[in-house]
Amino acid sequence: MKLEKLLERLEYRCLQGPMEVEVRDIVNDSRRAKDGSLFFCIRGAVTDGHKYAADVAAKGAKVLLVEEPVEVPEDVTVIQVADTRYAMAVISAAYYGYPAEQMKIIGITGTKGKTTTTYMVKSILESAGYKVGLIGTIEAIIGDTVIPADNTTPESITIQEYFRRMADEGCQIVVMEVSSQGLMLHRTAGIPFELGIFTNIEPDHIGPAEHASFEDYIACKGLLFRQCRVGIMNGDDPHLEQILKGHTCEVETFGLSEGVDLRAEHPELVGRPGYLGIRYTVTGKLHFDVEVDIPGKFSVYNSLTAIAICRHFQVSEENIRKALKAAKVKGRVEKVQVSDDFTLMIDYAHNAMALESLLTTLREYHPKRLVCMFGCGGNRSKLRRYEMGEVSGRLADFTIITSDNPRYEKPEDIIADIVTGIEKTDGTYITIANRREAIAYAIHHGQPGDVIILAGKGHEDYQEIEGKKYPMDERVLIAEILEEDRKAAR
């Protein structure tokens, strides 16, 4: 593709070299540069792409996008822009033929609920006959192709490549999670979002490598509502006014309080052995009853968000009800059938805030016992271990402390830190370092009316030990344990 075509929506200055250049590919990793490449010099948290200018030029790169001058041969074209990350997003869209303009893009942002809501939306829209692509924390889904995710919101080059593949597959709609980091780092710059969604916000992702403050976190989330046509907002969130500061979109609201455009009324917990769910009535712009097979008040918000979105695509009430009843999200309060007497679920909760929210939700169903199995990651904050131990000790009736991703630490050392936290409470517990054995213990000691939650791994299908990832999917482990039990009973 001609360089001038790639730059058509960008302000720039040519520092040297010819403009009549044919670009064969675009890269931001110097190791992937080759003859005919356009290379983006990105300033990252670890390294600065400007340092590799001479290296990529030697590999045959014909164009460099920079923020400051670099020394390369005169026949290499150097284009200066104010922000190479922003430029990368704009050029990537041009390189792939502006695929987002051929589909309706739905962007969902917020601290919690993004992943579950994206899958609910996909389920509802597909039940209505739409072909839908998905980009999120767990995976990207393009037709029958599933690509495991590295980031909630990928780099802009990857997003635009996915969009191109989705458009070519015939996708009419794309639903994607939009992280605050993705917005801050311009990964979604230039995307014409049809709908922008705000689920909720709480202090999170605040630190040296992320956001300087909660105010900065809110400001980054709010950027989505300056590049979407319609903003669909949680009207119950106390920070809504801050999120909407400077918005340029039409605004709709949902929630449980009066005055919102789409409201959930009369929420009612539905619980029986082996099943936890919730039902409520939708009022306002729509009016019908809904039941969701995912427990908790947050399921009301997630499903109501999905309904608010799908209303814009003229989906029937019947399709919405059926799709929400069938919607499942891997590793998000995911029920695994092991017994008719008790309920076993898998969830990704891997910090104190998420674990407290999860256990508080499950307590509302008044189980005979609430049993929590979890571990903590190695080479991470010890404070997280103390906090999670204290949360489980306070909210669970019984805790099974096990291994998560020990990385370069000994599982026993991590477990000892968790014990330090749990012993601040009156909670009872057992330690079983081997996660498979811990799961077997939970199943074999399940009592009628129990709710057992396996927390921390969620959708992950590996365990990281001393720098290597070993296959470990809790669903597979459960199936193996049950099969062994069947064989032993024969």
# chains A, B, ... in the order shown; residues from 1 in each chain; ligands from 1
call {"tool": "select_by_dssp", "arguments": {"residues": "region 57-132 of chain A", "states": "strand (DSSP E)", "output": "list of chain:residue names"}}
result
A:Val63, A:Leu64, A:Leu65, A:Val66, A:Thr77, A:Val78, A:Ile79, A:Gln80, A:Lys104, A:Ile105, A:Ile106, A:Gly107, A:Ile108, A:Thr109, A:Val132
call {"tool": "write_last_selection", "arguments": {"atoms": "C-alpha atoms", "output": "mmCIF file, in the first residue's frame"}}
result
data_model
loop_
_atom_site.group_PDB
_atom_site.id
_atom_site.type_symbol
_atom_site.label_atom_id
_atom_site.label_comp_id
_atom_site.auth_asym_id
_atom_site.auth_seq_id
_atom_site.Cartn_x
_atom_site.Cartn_y
_atom_site.Cartn_z
ATOM 1 C CA VAL A 63 9.464 3.901 6.598
ATOM 2 C CA LEU A 64 9.848 4.873 10.259
ATOM 3 C CA LEU A 65 7.156 6.660 12.278
ATOM 4 C CA VAL A 66 8.854 8.692 15.011
ATOM 5 C CA THR A 77 11.600 7.707 4.904
ATOM 6 C CA VAL A 78 11.164 9.162 8.392
ATOM 7 C CA ILE A 79 7.725 10.526 9.323
ATOM 8 C CA GLN A 80 7.399 12.581 12.504
ATOM 9 C CA LYS A 104 -21.241 -1.793 13.953
ATOM 10 C CA ILE A 105 -18.709 -1.654 16.805
ATOM 11 C CA ILE A 106 -19.843 -1.906 20.436
ATOM 12 C CA GLY A 107 -17.251 -0.917 23.061
ATOM 13 C CA ILE A 108 -17.772 -1.893 26.714
ATOM 14 C CA THR A 109 -15.735 -0.261 29.488
ATOM 15 C CA VAL A 132 -20.966 -11.227 15.701
#
call {"tool": "select_by_dssp", "arguments": {"residues": "region 104-236 of chain A", "states": "alpha helix (DSSP H)", "output": "ChimeraX atom specification"}}
result
/A:114-127,156-168,180-184,214-222
call {"tool": "write_last_selection", "arguments": {"atoms": "N, CA and C atoms", "output": "CSV table (one decimal), in the first residue's frame"}}
result
chain,number,residue,atom,x,y,z
A,114,LYS,N,-17.4,-6.3,32.2
A,114,LYS,CA,-17.1,-6.2,30.8
A,114,LYS,C,-17.2,-7.6,30.1
A,115,THR,N,-16.5,-8.6,30.7
A,115,THR,CA,-16.4,-9.9,30.0
A,115,THR,C,-17.7,-10.5,29.9
A,116,THR,N,-18.5,-10.6,31.1
A,116,THR,CA,-19.8,-11.3,31.1
A,116,THR,C,-20.7,-10.6,30.1
A,117,THR,N,-20.7,-9.3,30.1
A,117,THR,CA,-21.7,-8.5,29.3
A,117,THR,C,-21.4,-8.8,27.8
A,118,THR,N,-20.1,-8.8,27.4
A,118,THR,CA,-19.8,-9.1,26.0
A,118,THR,C,-20.3,-10.4,25.5
A,119,TYR,N,-20.2,-11.4,26.4
A,119,TYR,CA,-20.7,-12.8,25.9
A,119,TYR,C,-22.2,-12.8,25.9
A,120,MET,N,-22.9,-12.1,26.9
A,120,MET,CA,-24.3,-12.0,26.8
A,120,MET,C,-24.8,-11.3,25.5
A,121,VAL,N,-24.1,-10.2,25.2
A,121,VAL,CA,-24.5,-9.5,24.0
A,121,VAL,C,-24.3,-10.4,22.8
A,122,LYS,N,-23.2,-11.0,22.7
A,122,LYS,CA,-23.0,-11.9,21.6
A,122,LYS,C,-24.1,-13.0,21.5
A,123,SER,N,-24.4,-13.6,22.6
A,123,SER,CA,-25.4,-14.6,22.6
A,123,SER,C,-26.8,-14.1,22.1
A,124,ILE,N,-27.2,-12.9,22.6
A,124,ILE,CA,-28.5,-12.4,22.2
A,124,ILE,C,-28.5,-12.0,20.7
A,125,LEU,N,-27.5,-11.3,20.3
A,125,LEU,CA,-27.5,-10.9,18.9
A,125,LEU,C,-27.4,-12.1,17.9
A,126,GLU,N,-26.6,-13.1,18.3
A,126,GLU,CA,-26.6,-14.3,17.4
A,126,GLU,C,-27.9,-15.0,17.4
A,127,SER,N,-28.6,-15.0,18.5
A,127,SER,CA,-29.9,-15.7,18.5
A,127,SER,C,-30.9,-14.9,17.6
A,156,SER,N,-3.4,-1.7,18.7
A,156,SER,CA,-4.2,-1.3,17.6
A,156,SER,C,-4.0,-2.1,16.3
A,157,ILE,N,-2.7,-2.5,16.1
A,157,ILE,CA,-2.5,-3.3,14.9
A,157,ILE,C,-3.3,-4.5,14.9
A,158,THR,N,-3.3,-5.2,16.1
A,158,THR,CA,-4.0,-6.5,16.2
A,158,THR,C,-5.5,-6.2,16.1
A,159,ILE,N,-6.0,-5.2,16.7
A,159,ILE,CA,-7.4,-4.9,16.7
A,159,ILE,C,-7.9,-4.7,15.2
A,160,GLN,N,-7.1,-3.9,14.5
A,160,GLN,CA,-7.5,-3.7,13.1
A,160,GLN,C,-7.4,-4.9,12.2
A,161,GLU,N,-6.4,-5.8,12.5
A,161,GLU,CA,-6.3,-7.1,11.8
A,161,GLU,C,-7.5,-7.9,12.1
A,162,TYR,N,-7.9,-8.0,13.4
A,162,TYR,CA,-9.1,-8.8,13.7
A,162,TYR,C,-10.4,-8.2,13.1
A,163,PHE,N,-10.5,-6.9,13.1
A,163,PHE,CA,-11.6,-6.2,12.4
A,163,PHE,C,-11.7,-6.7,10.9
A,164,ARG,N,-10.5,-6.6,10.2
A,164,ARG,CA,-10.5,-7.0,8.8
A,164,ARG,C,-10.9,-8.4,8.6
A,165,ARG,N,-10.5,-9.3,9.5
A,165,ARG,CA,-10.9,-10.7,9.4
A,165,ARG,C,-12.3,-10.9,9.7
A,166,MET,N,-12.8,-10.2,10.6
A,166,MET,CA,-14.3,-10.2,11.0
A,166,MET,C,-15.1,-9.8,9.8
A,167,ALA,N,-14.8,-8.6,9.2
A,167,ALA,CA,-15.5,-8.1,8.1
A,167,ALA,C,-15.5,-9.1,7.0
A,168,ASP,N,-14.3,-9.7,6.7
A,168,ASP,CA,-14.2,-10.7,5.6
A,168,ASP,C,-15.0,-11.9,5.9
A,180,SER,N,-9.2,0.7,30.3
A,180,SER,CA,-8.7,2.1,30.5
A,180,SER,C,-7.3,2.2,29.9
A,181,GLN,N,-6.5,1.1,30.0
A,181,GLN,CA,-5.2,1.1,29.4
A,181,GLN,C,-5.3,1.3,27.9
A,182,GLY,N,-6.2,0.5,27.3
A,182,GLY,CA,-6.4,0.6,25.8
A,182,GLY,C,-6.8,2.0,25.4
A,183,LEU,N,-7.6,2.7,26.2
A,183,LEU,CA,-8.0,4.0,25.8
A,183,LEU,C,-6.8,5.0,26.0
A,184,MET,N,-6.1,4.8,27.1
A,184,MET,CA,-5.0,5.7,27.5
A,184,MET,C,-3.9,5.6,26.4
A,214,PHE,N,-7.1,7.5,41.0
A,214,PHE,CA,-8.5,7.1,40.6
A,214,PHE,C,-9.1,8.1,39.6
A,215,GLU,N,-8.7,9.4,39.8
A,215,GLU,CA,-9.2,10.5,38.9
A,215,GLU,C,-8.7,10.2,37.5
A,216,ASP,N,-7.5,9.8,37.4
A,216,ASP,CA,-6.9,9.5,36.1
A,216,ASP,C,-7.6,8.3,35.4
A,217,TYR,N,-7.8,7.3,36.3
A,217,TYR,CA,-8.5,6.1,35.8
A,217,TYR,C,-9.9,6.5,35.2
A,218,ILE,N,-10.6,7.3,36.0
A,218,ILE,CA,-12.0,7.7,35.5
A,218,ILE,C,-11.9,8.5,34.2
A,219,ALA,N,-10.9,9.4,34.1
A,219,ALA,CA,-10.7,10.2,32.9
A,219,ALA,C,-10.5,9.4,31.7
A,220,CYS,N,-9.6,8.3,31.9
A,220,CYS,CA,-9.3,7.4,30.7
A,220,CYS,C,-10.6,6.7,30.3
A,221,LYS,N,-11.3,6.2,31.3
A,221,LYS,CA,-12.6,5.5,30.9
A,221,LYS,C,-13.5,6.4,30.1
A,222,GLY,N,-13.5,7.7,30.5
A,222,GLY,CA,-14.4,8.6,29.9
A,222,GLY,C,-14.1,8.9,28.5
call {"tool": "atom_distance", "arguments": {"atom1": "CA of Glu71 (chain A)", "atom2": "CA of Leu15 (chain A)"}}
result
10.9 Å
call {"tool": "residues_around", "arguments": {"residues": "region 32-38 of chain A", "least_positions_apart": "5", "cutoff": "6 Å", "atoms": "only C-alpha atoms", "output": "count of residues only"}}
result
11
call {"tool": "residues_around", "arguments": {"residues": "Tyr429 (chain A)", "least_positions_apart": "5", "cutoff": "9 Å", "atoms": "only C-alpha atoms", "output": "list in words"}}
result
Gly393, Asp397, Phe398, Thr399, Ile400, Ile401, Val419 and Ile422 of chain A
call {"tool": "write_last_selection", "arguments": {"atoms": "N, CA and C atoms", "output": "PDB file, in the first residue's frame"}}
result
ATOM      1  N   GLY A 393     -11.636 -16.011  55.063  1.00  0.00           N
ATOM      2  CA  GLY A 393     -11.866 -16.398  56.449  1.00  0.00           C
ATOM      3  C   GLY A 393     -13.098 -15.742  57.036  1.00  0.00           C
ATOM      4  N   ASP A 397     -17.560 -20.281  54.980  1.00  0.00           N
ATOM      5  CA  ASP A 397     -17.674 -21.162  56.146  1.00  0.00           C
ATOM      6  C   ASP A 397     -16.465 -22.077  56.255  1.00  0.00           C
ATOM      7  N   PHE A 398     -15.861 -22.366  55.112  1.00  0.00           N
ATOM      8  CA  PHE A 398     -14.682 -23.229  55.110  1.00  0.00           C
ATOM      9  C   PHE A 398     -13.823 -22.860  53.915  1.00  0.00           C
ATOM     10  N   THR A 399     -12.508 -22.766  54.124  1.00  0.00           N
ATOM     11  CA  THR A 399     -11.582 -22.380  53.056  1.00  0.00           C
ATOM     12  C   THR A 399     -10.577 -23.489  52.805  1.00  0.00           C
ATOM     13  N   ILE A 400     -10.369 -23.783  51.520  1.00  0.00           N
ATOM     14  CA  ILE A 400      -9.325 -24.717  51.099  1.00  0.00           C
ATOM     15  C   ILE A 400      -8.243 -23.872  50.433  1.00  0.00           C
ATOM     16  N   ILE A 401      -7.089 -23.766  51.073  1.00  0.00           N
ATOM     17  CA  ILE A 401      -6.004 -22.937  50.537  1.00  0.00           C
ATOM     18  C   ILE A 401      -5.079 -23.833  49.717  1.00  0.00           C
ATOM     19  N   VAL A 419      -2.339 -17.980  54.959  1.00  0.00           N
ATOM     20  CA  VAL A 419      -2.710 -18.404  56.311  1.00  0.00           C
ATOM     21  C   VAL A 419      -2.560 -17.243  57.299  1.00  0.00           C
ATOM     22  N   ILE A 422      -5.775 -15.353  56.933  1.00  0.00           N
ATOM     23  CA  ILE A 422      -6.994 -16.030  57.386  1.00  0.00           C
ATOM     24  C   ILE A 422      -7.014 -16.182  58.897  1.00  0.00           C
TER      25      ILE A 422
END
call {"tool": "closest_residue", "arguments": {"among": "A:Ile453, A:Ala326, A:Cys376, A:Leu370", "to": "Leu395 (chain A)", "atoms": "only C-alpha atoms"}}
result
A:Leu370
